[in-house]
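Next comes my_file01.cif, a file with mmCIF, N, CA and C atoms.
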```cif
data_input
loop_
_atom_site.label_atom_id
_atom_site.label_comp_id
_atom_site.auth_asym_id
_atom_site.auth_seq_id
_atom_site.Cartn_x
_atom_site.Cartn_y
_atom_site.Cartn_z
N MET A 1 -36.80 -39.02 31.53
CA MET A 1 -35.84 -39.79 32.26
C MET A 1 -34.66 -40.11 31.34
N TYR A 2 -33.44 -39.99 31.89
CA TYR A 2 -32.21 -40.22 31.13
C TYR A 2 -31.95 -41.71 30.96
N LYS A 3 -31.60 -42.08 29.72
CA LYS A 3 -31.17 -43.45 29.45
C LYS A 3 -29.76 -43.39 28.86
N ALA A 4 -28.91 -44.23 29.37
CA ALA A 4 -27.54 -44.29 28.87
C ALA A 4 -27.54 -44.95 27.50
N PRO A 5 -26.56 -44.62 26.66
CA PRO A 5 -26.48 -45.26 25.34
C PRO A 5 -26.45 -46.79 25.42
N GLN A 6 -25.86 -47.31 26.47
CA GLN A 6 -25.79 -48.75 26.65
C GLN A 6 -27.19 -49.34 26.79
N ASP A 7 -28.11 -48.62 27.42
CA ASP A 7 -29.48 -49.11 27.57
C ASP A 7 -30.16 -49.26 26.22
N TYR A 8 -29.94 -48.31 25.32
CA TYR A 8 -30.52 -48.40 23.98
C TYR A 8 -29.91 -49.56 23.19
N LEU A 9 -28.60 -49.75 23.34
CA LEU A 9 -27.95 -50.85 22.63
C LEU A 9 -28.41 -52.20 23.16
N ASP A 10 -28.64 -52.30 24.46
CA ASP A 10 -29.11 -53.55 25.04
C ASP A 10 -30.56 -53.85 24.65
N ALA A 11 -31.35 -52.82 24.37
CA ALA A 11 -32.76 -53.01 24.04
C ALA A 11 -32.94 -53.60 22.65
N ASP A 12 -32.08 -53.27 21.72
CA ASP A 12 -32.16 -53.80 20.36
C ASP A 12 -31.60 -55.22 20.36
N ALA A 13 -32.29 -56.14 19.69
CA ALA A 13 -31.88 -57.55 19.70
C ALA A 13 -30.50 -57.75 19.08
N ALA A 14 -30.28 -57.18 17.89
CA ALA A 14 -29.00 -57.37 17.21
C ALA A 14 -27.86 -56.70 17.99
N ALA A 15 -28.10 -55.48 18.42
CA ALA A 15 -27.09 -54.76 19.18
C ALA A 15 -26.88 -55.42 20.54
N GLY A 16 -27.93 -56.01 21.09
CA GLY A 16 -27.82 -56.70 22.37
C GLY A 16 -26.88 -57.89 22.29
N ARG A 17 -26.95 -58.63 21.18
CA ARG A 17 -26.04 -59.77 21.00
C ARG A 17 -24.60 -59.29 20.87
N ILE A 18 -24.42 -58.19 20.16
CA ILE A 18 -23.07 -57.64 20.00
C ILE A 18 -22.54 -57.16 21.35
N MET A 19 -23.39 -56.50 22.11
CA MET A 19 -22.97 -56.03 23.44
C MET A 19 -22.65 -57.20 24.36
N ALA A 20 -23.43 -58.27 24.29
CA ALA A 20 -23.16 -59.45 25.12
C ALA A 20 -21.81 -60.07 24.74
N HIS A 21 -21.53 -60.13 23.45
CA HIS A 21 -20.25 -60.68 22.99
C HIS A 21 -19.10 -59.77 23.43
N ALA A 22 -19.32 -58.47 23.34
CA ALA A 22 -18.30 -57.51 23.78
C ALA A 22 -18.02 -57.67 25.27
N ARG A 23 -19.06 -57.86 26.06
CA ARG A 23 -18.86 -58.07 27.50
C ARG A 23 -18.09 -59.37 27.76
N LEU A 24 -18.42 -60.41 27.01
CA LEU A 24 -17.72 -61.69 27.14
C LEU A 24 -16.24 -61.53 26.79
N LEU A 25 -15.94 -60.80 25.72
CA LEU A 25 -14.55 -60.57 25.34
C LEU A 25 -13.81 -59.76 26.40
N MET A 26 -14.49 -58.79 27.00
CA MET A 26 -13.87 -58.01 28.06
C MET A 26 -13.57 -58.90 29.28
N LYS A 27 -14.49 -59.79 29.60
CA LYS A 27 -14.29 -60.70 30.73
C LYS A 27 -13.13 -61.65 30.44
N LEU A 28 -13.10 -62.20 29.23
CA LEU A 28 -12.01 -63.10 28.85
C LEU A 28 -10.67 -62.36 28.82
N SER A 29 -10.70 -61.14 28.36
CA SER A 29 -9.48 -60.34 28.30
C SER A 29 -8.92 -60.08 29.70
N SER A 30 -9.78 -59.72 30.62
CA SER A 30 -9.31 -59.47 31.99
C SER A 30 -8.86 -60.77 32.64
N ARG A 31 -9.53 -61.87 32.33
CA ARG A 31 -9.12 -63.18 32.86
C ARG A 31 -7.76 -63.59 32.27
N PHE A 32 -7.56 -63.34 30.97
CA PHE A 32 -6.27 -63.65 30.34
C PHE A 32 -5.17 -62.83 30.99
N ASP A 33 -5.44 -61.56 31.25
CA ASP A 33 -4.45 -60.71 31.91
C ASP A 33 -4.10 -61.22 33.31
N ALA A 34 -5.08 -61.85 33.96
CA ALA A 34 -4.85 -62.36 35.31
C ALA A 34 -4.03 -63.66 35.32
N VAL A 35 -4.21 -64.51 34.30
CA VAL A 35 -3.55 -65.82 34.33
C VAL A 35 -2.27 -65.89 33.50
N ALA A 36 -2.10 -65.00 32.54
CA ALA A 36 -0.92 -65.04 31.68
C ALA A 36 0.29 -64.46 32.42
N PRO A 37 1.48 -64.97 32.15
CA PRO A 37 2.68 -64.38 32.74
C PRO A 37 2.82 -62.91 32.33
N ALA A 38 3.46 -62.14 33.17
CA ALA A 38 3.56 -60.69 32.94
C ALA A 38 4.18 -60.36 31.59
N ALA A 39 5.19 -61.12 31.18
CA ALA A 39 5.86 -60.82 29.91
C ALA A 39 4.92 -61.02 28.72
N LEU A 40 4.00 -61.96 28.84
CA LEU A 40 3.08 -62.23 27.73
C LEU A 40 1.84 -61.34 27.77
N ARG A 41 1.46 -60.94 28.94
CA ARG A 41 0.21 -60.19 29.09
C ARG A 41 0.25 -58.85 28.35
N HIS A 42 1.45 -58.28 28.21
CA HIS A 42 1.56 -57.00 27.52
C HIS A 42 1.84 -57.15 26.03
N ALA A 43 2.14 -58.38 25.59
CA ALA A 43 2.49 -58.60 24.20
C ALA A 43 1.44 -59.43 23.46
N ALA A 44 0.30 -59.69 24.11
CA ALA A 44 -0.77 -60.45 23.47
C ALA A 44 -2.11 -59.98 24.03
N HIS A 45 -3.16 -60.16 23.25
CA HIS A 45 -4.48 -59.78 23.73
C HIS A 45 -5.55 -60.66 23.10
N VAL A 46 -6.65 -60.77 23.80
CA VAL A 46 -7.77 -61.58 23.33
C VAL A 46 -8.43 -60.86 22.16
N ALA A 47 -8.62 -61.60 21.06
CA ALA A 47 -9.22 -61.01 19.87
C ALA A 47 -10.66 -61.46 19.67
N ASN A 48 -10.95 -62.74 19.95
CA ASN A 48 -12.30 -63.24 19.71
C ASN A 48 -12.50 -64.53 20.50
N TYR A 49 -13.77 -64.94 20.60
CA TYR A 49 -14.15 -66.18 21.25
C TYR A 49 -15.38 -66.71 20.53
N LYS A 50 -15.32 -67.98 20.12
CA LYS A 50 -16.46 -68.57 19.44
C LYS A 50 -16.46 -70.07 19.67
N SER A 51 -17.54 -70.58 20.18
CA SER A 51 -17.74 -72.02 20.39
C SER A 51 -16.59 -72.66 21.16
N GLY A 52 -16.16 -72.03 22.22
CA GLY A 52 -15.12 -72.59 23.07
C GLY A 52 -13.70 -72.35 22.58
N LYS A 53 -13.56 -71.69 21.45
CA LYS A 53 -12.24 -71.42 20.89
C LYS A 53 -11.88 -69.95 21.10
N LEU A 54 -10.76 -69.73 21.76
CA LEU A 54 -10.29 -68.38 22.05
C LEU A 54 -9.23 -68.00 21.03
N VAL A 55 -9.38 -66.85 20.42
CA VAL A 55 -8.40 -66.34 19.46
C VAL A 55 -7.59 -65.25 20.15
N ILE A 56 -6.28 -65.43 20.14
CA ILE A 56 -5.38 -64.47 20.77
C ILE A 56 -4.45 -63.91 19.71
N HIS A 57 -4.29 -62.60 19.70
CA HIS A 57 -3.33 -61.96 18.80
C HIS A 57 -2.06 -61.65 19.58
N ALA A 58 -0.95 -62.14 19.06
CA ALA A 58 0.36 -61.91 19.67
C ALA A 58 1.11 -60.86 18.85
N ASP A 59 1.95 -60.09 19.53
CA ASP A 59 2.70 -59.03 18.86
C ASP A 59 3.80 -59.56 17.95
N ASN A 60 4.33 -60.74 18.27
CA ASN A 60 5.42 -61.30 17.45
C ASN A 60 5.41 -62.82 17.56
N GLY A 61 6.25 -63.45 16.77
CA GLY A 61 6.29 -64.90 16.70
C GLY A 61 6.76 -65.56 17.98
N ALA A 62 7.67 -64.93 18.69
CA ALA A 62 8.18 -65.51 19.94
C ALA A 62 7.07 -65.59 20.99
N VAL A 63 6.28 -64.54 21.09
CA VAL A 63 5.17 -64.53 22.04
C VAL A 63 4.13 -65.57 21.62
N ALA A 64 3.86 -65.67 20.33
CA ALA A 64 2.89 -66.66 19.83
C ALA A 64 3.37 -68.07 20.15
N ALA A 65 4.64 -68.35 19.97
CA ALA A 65 5.18 -69.68 20.26
C ALA A 65 5.05 -70.01 21.75
N LYS A 66 5.32 -69.05 22.61
CA LYS A 66 5.22 -69.28 24.05
C LYS A 66 3.77 -69.54 24.46
N ILE A 67 2.84 -68.81 23.89
CA ILE A 67 1.42 -69.02 24.21
C ILE A 67 0.98 -70.40 23.73
N ARG A 68 1.46 -70.81 22.56
CA ARG A 68 1.12 -72.15 22.06
C ARG A 68 1.68 -73.23 23.00
N GLN A 69 2.87 -73.00 23.56
CA GLN A 69 3.43 -73.96 24.51
C GLN A 69 2.58 -74.04 25.78
N MET A 70 2.03 -72.91 26.21
CA MET A 70 1.25 -72.85 27.44
C MET A 70 -0.23 -73.10 27.19
N HIS A 71 -0.58 -73.54 26.01
CA HIS A 71 -1.96 -73.71 25.56
C HIS A 71 -2.84 -74.41 26.60
N ARG A 72 -2.45 -75.58 27.05
CA ARG A 72 -3.29 -76.38 27.95
C ARG A 72 -3.48 -75.68 29.28
N ARG A 73 -2.40 -75.16 29.85
CA ARG A 73 -2.51 -74.50 31.16
C ARG A 73 -3.38 -73.25 31.07
N LEU A 74 -3.20 -72.47 30.00
CA LEU A 74 -4.02 -71.26 29.83
C LEU A 74 -5.49 -71.62 29.68
N CYS A 75 -5.79 -72.67 28.91
CA CYS A 75 -7.19 -73.09 28.74
C CYS A 75 -7.80 -73.48 30.08
N ASP A 76 -7.05 -74.25 30.85
CA ASP A 76 -7.56 -74.68 32.16
C ASP A 76 -7.82 -73.50 33.08
N GLU A 77 -6.87 -72.57 33.13
CA GLU A 77 -7.03 -71.40 34.00
C GLU A 77 -8.16 -70.49 33.54
N LEU A 78 -8.28 -70.31 32.23
CA LEU A 78 -9.34 -69.44 31.71
C LEU A 78 -10.72 -70.04 31.96
N SER A 79 -10.84 -71.35 31.93
CA SER A 79 -12.13 -72.02 32.10
C SER A 79 -12.63 -71.97 33.54
N LYS A 80 -11.77 -71.67 34.49
CA LYS A 80 -12.19 -71.66 35.90
C LYS A 80 -13.22 -70.57 36.20
N LYS A 81 -13.00 -69.36 35.71
CA LYS A 81 -13.89 -68.24 36.05
C LYS A 81 -14.47 -67.57 34.81
N ALA A 82 -14.37 -68.23 33.69
CA ALA A 82 -14.88 -67.67 32.44
C ALA A 82 -15.55 -68.81 31.66
N PRO A 83 -16.12 -68.52 30.53
CA PRO A 83 -16.72 -69.59 29.73
C PRO A 83 -15.68 -70.65 29.36
N GLU A 84 -16.17 -71.82 29.03
CA GLU A 84 -15.30 -72.94 28.73
C GLU A 84 -14.37 -72.63 27.57
N CYS A 85 -13.10 -72.97 27.75
CA CYS A 85 -12.09 -72.77 26.72
C CYS A 85 -11.57 -74.14 26.31
N ASN A 86 -11.91 -74.57 25.10
CA ASN A 86 -11.47 -75.87 24.59
C ASN A 86 -10.19 -75.78 23.78
N ASP A 87 -9.97 -74.63 23.16
CA ASP A 87 -8.85 -74.48 22.26
C ASP A 87 -8.42 -73.02 22.22
N ILE A 88 -7.15 -72.81 21.93
CA ILE A 88 -6.63 -71.46 21.76
C ILE A 88 -5.97 -71.39 20.40
N GLU A 89 -6.38 -70.42 19.62
CA GLU A 89 -5.74 -70.16 18.32
C GLU A 89 -4.93 -68.87 18.48
N VAL A 90 -3.66 -68.94 18.15
CA VAL A 90 -2.79 -67.78 18.30
C VAL A 90 -2.39 -67.29 16.92
N LYS A 91 -2.59 -66.01 16.69
CA LYS A 91 -2.20 -65.38 15.43
C LYS A 91 -1.22 -64.26 15.73
N VAL A 92 -0.24 -64.12 14.86
CA VAL A 92 0.70 -63.00 15.01
C VAL A 92 0.09 -61.80 14.33
N GLN A 93 -0.16 -60.79 15.12
CA GLN A 93 -0.79 -59.57 14.63
C GLN A 93 -0.16 -58.39 15.36
N PRO A 94 0.92 -57.83 14.81
CA PRO A 94 1.57 -56.71 15.50
C PRO A 94 0.61 -55.54 15.68
N ARG A 95 0.74 -54.91 16.81
CA ARG A 95 -0.12 -53.75 17.08
C ARG A 95 0.39 -52.57 16.26
N GLN A 96 -0.55 -51.81 15.76
CA GLN A 96 -0.18 -50.64 14.97
C GLN A 96 0.01 -49.47 15.92
N ASN A 97 1.08 -48.78 15.74
CA ASN A 97 1.36 -47.60 16.54
C ASN A 97 1.18 -46.39 15.65
N LEU A 98 -0.04 -45.86 15.65
CA LEU A 98 -0.37 -44.76 14.75
C LEU A 98 0.15 -43.42 15.25
N GLY A 99 0.53 -43.35 16.51
CA GLY A 99 0.99 -42.09 17.08
C GLY A 99 2.38 -41.69 16.62
N ARG A 100 3.19 -42.67 16.33
CA ARG A 100 4.57 -42.38 15.93
C ARG A 100 4.80 -42.85 14.51
N SER A 101 5.50 -42.06 13.78
CA SER A 101 5.92 -42.51 12.46
C SER A 101 7.43 -42.70 12.50
N SER A 102 7.89 -43.66 11.76
CA SER A 102 9.32 -43.92 11.77
C SER A 102 9.94 -43.24 10.55
N THR A 103 10.42 -42.06 10.77
CA THR A 103 11.08 -41.33 9.69
C THR A 103 12.57 -41.59 9.79
N SER A 104 13.20 -41.61 8.66
CA SER A 104 14.63 -41.84 8.67
C SER A 104 15.34 -40.58 9.14
N THR A 105 16.44 -40.79 9.81
CA THR A 105 17.23 -39.66 10.27
C THR A 105 18.43 -39.49 9.36
N ILE A 106 18.77 -38.27 9.12
CA ILE A 106 19.93 -37.98 8.28
C ILE A 106 21.17 -38.06 9.15
N LYS A 107 22.08 -38.94 8.75
CA LYS A 107 23.32 -39.10 9.49
C LYS A 107 24.45 -38.59 8.61
N PRO A 108 24.99 -37.45 8.95
CA PRO A 108 26.04 -36.87 8.10
C PRO A 108 27.32 -37.69 8.13
N ILE A 109 28.05 -37.61 7.03
CA ILE A 109 29.36 -38.27 6.98
C ILE A 109 30.44 -37.20 7.10
N SER A 110 31.56 -37.60 7.63
CA SER A 110 32.65 -36.64 7.85
C SER A 110 33.30 -36.27 6.52
N GLY A 111 34.04 -35.18 6.52
CA GLY A 111 34.76 -34.75 5.33
C GLY A 111 35.78 -35.79 4.88
N ALA A 112 36.44 -36.42 5.86
CA ALA A 112 37.43 -37.44 5.53
C ALA A 112 36.76 -38.65 4.88
N ALA A 113 35.60 -39.06 5.40
CA ALA A 113 34.89 -40.20 4.82
C ALA A 113 34.41 -39.86 3.41
N ALA A 114 33.93 -38.63 3.21
CA ALA A 114 33.48 -38.21 1.88
C ALA A 114 34.65 -38.21 0.89
N ALA A 115 35.82 -37.75 1.33
CA ALA A 115 37.00 -37.73 0.45
C ALA A 115 37.43 -39.16 0.10
N THR A 116 37.39 -40.06 1.07
CA THR A 116 37.75 -41.46 0.81
C THR A 116 36.78 -42.10 -0.17
N LEU A 117 35.49 -41.83 0.01
CA LEU A 117 34.48 -42.36 -0.91
C LEU A 117 34.67 -41.79 -2.32
N ALA A 118 35.02 -40.52 -2.42
CA ALA A 118 35.23 -39.90 -3.72
C ALA A 118 36.43 -40.54 -4.43
N ARG A 119 37.53 -40.79 -3.68
CA ARG A 119 38.70 -41.45 -4.28
C ARG A 119 38.36 -42.87 -4.72
N THR A 120 37.61 -43.57 -3.89
CA THR A 120 37.21 -44.95 -4.23
C THR A 120 36.34 -44.96 -5.46
N THR A 121 35.40 -44.02 -5.55
CA THR A 121 34.50 -43.94 -6.69
C THR A 121 35.27 -43.65 -7.96
N ALA A 122 36.25 -42.76 -7.89
CA ALA A 122 37.05 -42.41 -9.07
C ALA A 122 37.86 -43.59 -9.57
N ALA A 123 38.24 -44.49 -8.65
CA ALA A 123 39.06 -45.65 -9.04
C ALA A 123 38.23 -46.80 -9.61
N LEU A 124 36.92 -46.74 -9.45
CA LEU A 124 36.05 -47.84 -9.91
C LEU A 124 35.72 -47.70 -11.39
N PRO A 125 35.55 -48.84 -12.06
CA PRO A 125 35.09 -48.77 -13.46
C PRO A 125 33.59 -48.41 -13.47
N PRO A 126 33.11 -47.88 -14.60
CA PRO A 126 31.68 -47.55 -14.68
C PRO A 126 30.83 -48.80 -14.41
N GLY A 127 29.79 -48.62 -13.62
CA GLY A 127 28.91 -49.74 -13.29
C GLY A 127 27.95 -49.36 -12.17
N PRO A 128 27.18 -50.34 -11.71
CA PRO A 128 26.17 -50.06 -10.68
C PRO A 128 26.78 -49.59 -9.35
N LEU A 129 27.91 -50.16 -8.95
CA LEU A 129 28.53 -49.75 -7.69
C LEU A 129 29.00 -48.31 -7.76
N ARG A 130 29.63 -47.95 -8.88
CA ARG A 130 30.13 -46.58 -9.02
C ARG A 130 28.96 -45.59 -9.03
N SER A 131 27.89 -45.91 -9.74
CA SER A 131 26.74 -44.98 -9.79
C SER A 131 26.08 -44.87 -8.41
N ALA A 132 26.04 -45.98 -7.65
CA ALA A 132 25.46 -45.93 -6.31
C ALA A 132 26.30 -45.05 -5.39
N LEU A 133 27.63 -45.18 -5.49
CA LEU A 133 28.50 -44.33 -4.66
C LEU A 133 28.42 -42.86 -5.08
N ASP A 134 28.30 -42.61 -6.39
CA ASP A 134 28.11 -41.23 -6.85
C ASP A 134 26.85 -40.63 -6.26
N THR A 135 25.77 -41.39 -6.30
CA THR A 135 24.49 -40.92 -5.75
C THR A 135 24.62 -40.67 -4.25
N LEU A 136 25.29 -41.59 -3.55
CA LEU A 136 25.49 -41.42 -2.11
C LEU A 136 26.24 -40.12 -1.82
N LEU A 137 27.30 -39.87 -2.56
CA LEU A 137 28.09 -38.66 -2.32
C LEU A 137 27.30 -37.40 -2.63
N GLN A 138 26.45 -37.44 -3.64
CA GLN A 138 25.64 -36.26 -3.98
C GLN A 138 24.59 -35.97 -2.93
N ARG A 139 24.00 -37.02 -2.37
CA ARG A 139 22.89 -36.84 -1.43
C ARG A 139 23.32 -36.71 0.02
N ALA A 140 24.50 -37.18 0.35
CA ALA A 140 24.94 -37.25 1.75
C ALA A 140 25.14 -35.86 2.33
N ALA A 141 24.69 -35.74 3.57
CA ALA A 141 24.95 -34.51 4.32
C ALA A 141 26.37 -34.60 4.86
N ARG A 142 27.09 -33.53 4.76
CA ARG A 142 28.50 -33.55 5.18
C ARG A 142 28.65 -32.88 6.53
N ARG A 143 29.44 -33.50 7.36
CA ARG A 143 29.76 -32.97 8.67
C ARG A 143 31.14 -32.35 8.58
N GLU A 144 31.26 -31.15 9.00
CA GLU A 144 32.54 -30.43 8.89
C GLU A 144 33.42 -30.68 10.09
#
```

Can you present the structure in this file as structure tokens?
Amino acid sequence: MYKAPQDYLDADAAAGRIMAHARLLMKLSSRFDAVAPAALRHAAHVANYKSGKLVIHADNGAVAAKIRQMHRRLCDELSKKAPECNDIEVKVQPRQNLGRSSTSTIKPISGAAAATLARTTAALPPGPLRSALDTLLQRAARRE
């Protein structure tokens, strides 16, 4: 007879507790999605729950501040159809986007801009600014 992996996890005592906690977090997460305003629901998510305290990770400080302002109302709404919520702890935890990397793009400078920079560099006394402009001119891609 076929048994699903979930059945094996539920049979083990330690794994059963983890599965029960995971189910509770899923329930709280769906409840948070139902009661949170649309703008916040996509920028924050339930991270943990322990002893009546809900931990929410927000994508940025503005979202975290708004959730802290709505603390009491969110607790009341979450407690209606989920376990009791006495407190909400909000942490700023930006989501990692592993699918995209942010590579710099090469932006070429025009011939006129390169000529102006070269004249400016020649007029400068030796120093950090002149060496930085020299490096810029050497590395810059030129647009014809």

When DSSP is applied to the backbone of this structure, which of chain A are assigned alpha helix (DSSP H)? Write them out as a ChimeraX atom specification.
/A:5-11,13-35,38-41,61-69,71-81,111-123,128-139

For a test of reading the model, state the distance in Å between atom N of Arg31 (chain A) and CA of Arg17 (chain A), rounded to one decimal.
20.1 Å

Could you work out how far atom N of Leu117 (chain A) lies from atom N of Leu133 (chain A), giving the answer in Å with one decimal?
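Computed distance, atom N of Leu133 (chain A) to atom N of Leu117 (chain A), equals 10.2 Å.
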
Set the distance at 10 Å and use only C-alpha atoms: which residues neighbour Ala62 (chain A) once local chain neighbours fewer than 6 positions away are removed? I'd like the list as a PDB file with N, CA and C atoms, in the coordinates of the input.
```
ATOM      1  N   LEU A  40       4.000 -61.960  28.840  1.00  0.00           N
ATOM      2  CA  LEU A  40       3.080 -62.230  27.730  1.00  0.00           C
ATOM      3  C   LEU A  40       1.840 -61.340  27.770  1.00  0.00           C
ATOM      4  N   ALA A  43       2.140 -58.380  25.590  1.00  0.00           N
ATOM      5  CA  ALA A  43       2.490 -58.600  24.200  1.00  0.00           C
ATOM      6  C   ALA A  43       1.440 -59.430  23.460  1.00  0.00           C
ATOM      7  N   ARG A  68       1.460 -70.810  22.560  1.00  0.00           N
ATOM      8  CA  ARG A  68       1.120 -72.150  22.060  1.00  0.00           C
ATOM      9  C   ARG A  68       1.680 -73.230  23.000  1.00  0.00           C
ATOM     10  N   VAL A  92      -0.240 -64.120  14.860  1.00  0.00           N
ATOM     11  CA  VAL A  92       0.700 -63.000  15.010  1.00  0.00           C
ATOM     12  C   VAL A  92       0.090 -61.800  14.330  1.00  0.00           C
TER      13      VAL A  92
END
```

Which centre and edge lengths in Å to one decimal define the box along x, y and z that fits every listed atom of region 112-118 of chain A plus 8 Å per side, as AutoDock Vina command-line options?
```
--center_x 35.6 --center_y -39.4 --center_z 0.7 --size_x 20.3 --size_y 21.9 --size_z 26.3
```

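Using only C-alpha atoms, the nearest neighbour of Leu74 (chain A) within the list A:Ala118, A:Leu28, A:Ala58, A:Leu129 is A:Leu28.
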
Got a sec: who's within 12 Å of Glu84 (chain A), counting only C-alpha atoms, leaving out chain neighbours fewer than 6 positions off, as a PyMOL selection string?
chain A and resi 24+28+49-54+74-78

Length of the CA of Arg143 (chain A) to CA of Ser131 (chain A) vector [Å]
22.2 Å

Pull out every residue that the PyMOL selection byres ((chain A and resi 110) around 7) matches in the shown coordinates and put them as number ranges by chain.
A: 108-109, 111-115, 141-144

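Among the candidates A:Val46, A:Ala4, A:Leu124, A:Ala132, the residue lying nearest to Ser30 (chain A) is A:Val46 (atoms considered: only C-alpha atoms).
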
Can you work out which one of A:Ser79, A:Ala11, A:Thr105, A:Arg95 has the shortest atom-to-atom distance to His42 (chain A), counting only C-alpha atoms?
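When distances to His42 (chain A) are compared using only C-alpha atoms, the smallest one comes from A:Arg95.
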
Top pick for closest residue to Ile67 (chain A), considering A:Val90, A:Ala22, A:Ala82, A:Ala123 and counting only N, CA and C atoms
A:Val90

DSSP says strand (DSSP E or B) for which residues of region 65-115 of chain A? Put them as a ChimeraX atom specification?
/A:87-92,109-110

Selected residue of minimal separation from Lys107 (chain A) among A:Ala14, A:Ala140, A:Ala20, A:Ala44, counting all atoms listed in the file
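Distance minimum relative to Lys107 (chain A) lands on A:Ala140.
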
Is there a way to get, as number ranges by chain, all residues within 8 Å of the point (-9.2, -56.7, 24.7) in file coordinates, counting only C-alpha atoms?
A: 25-26, 29-30, 45-47
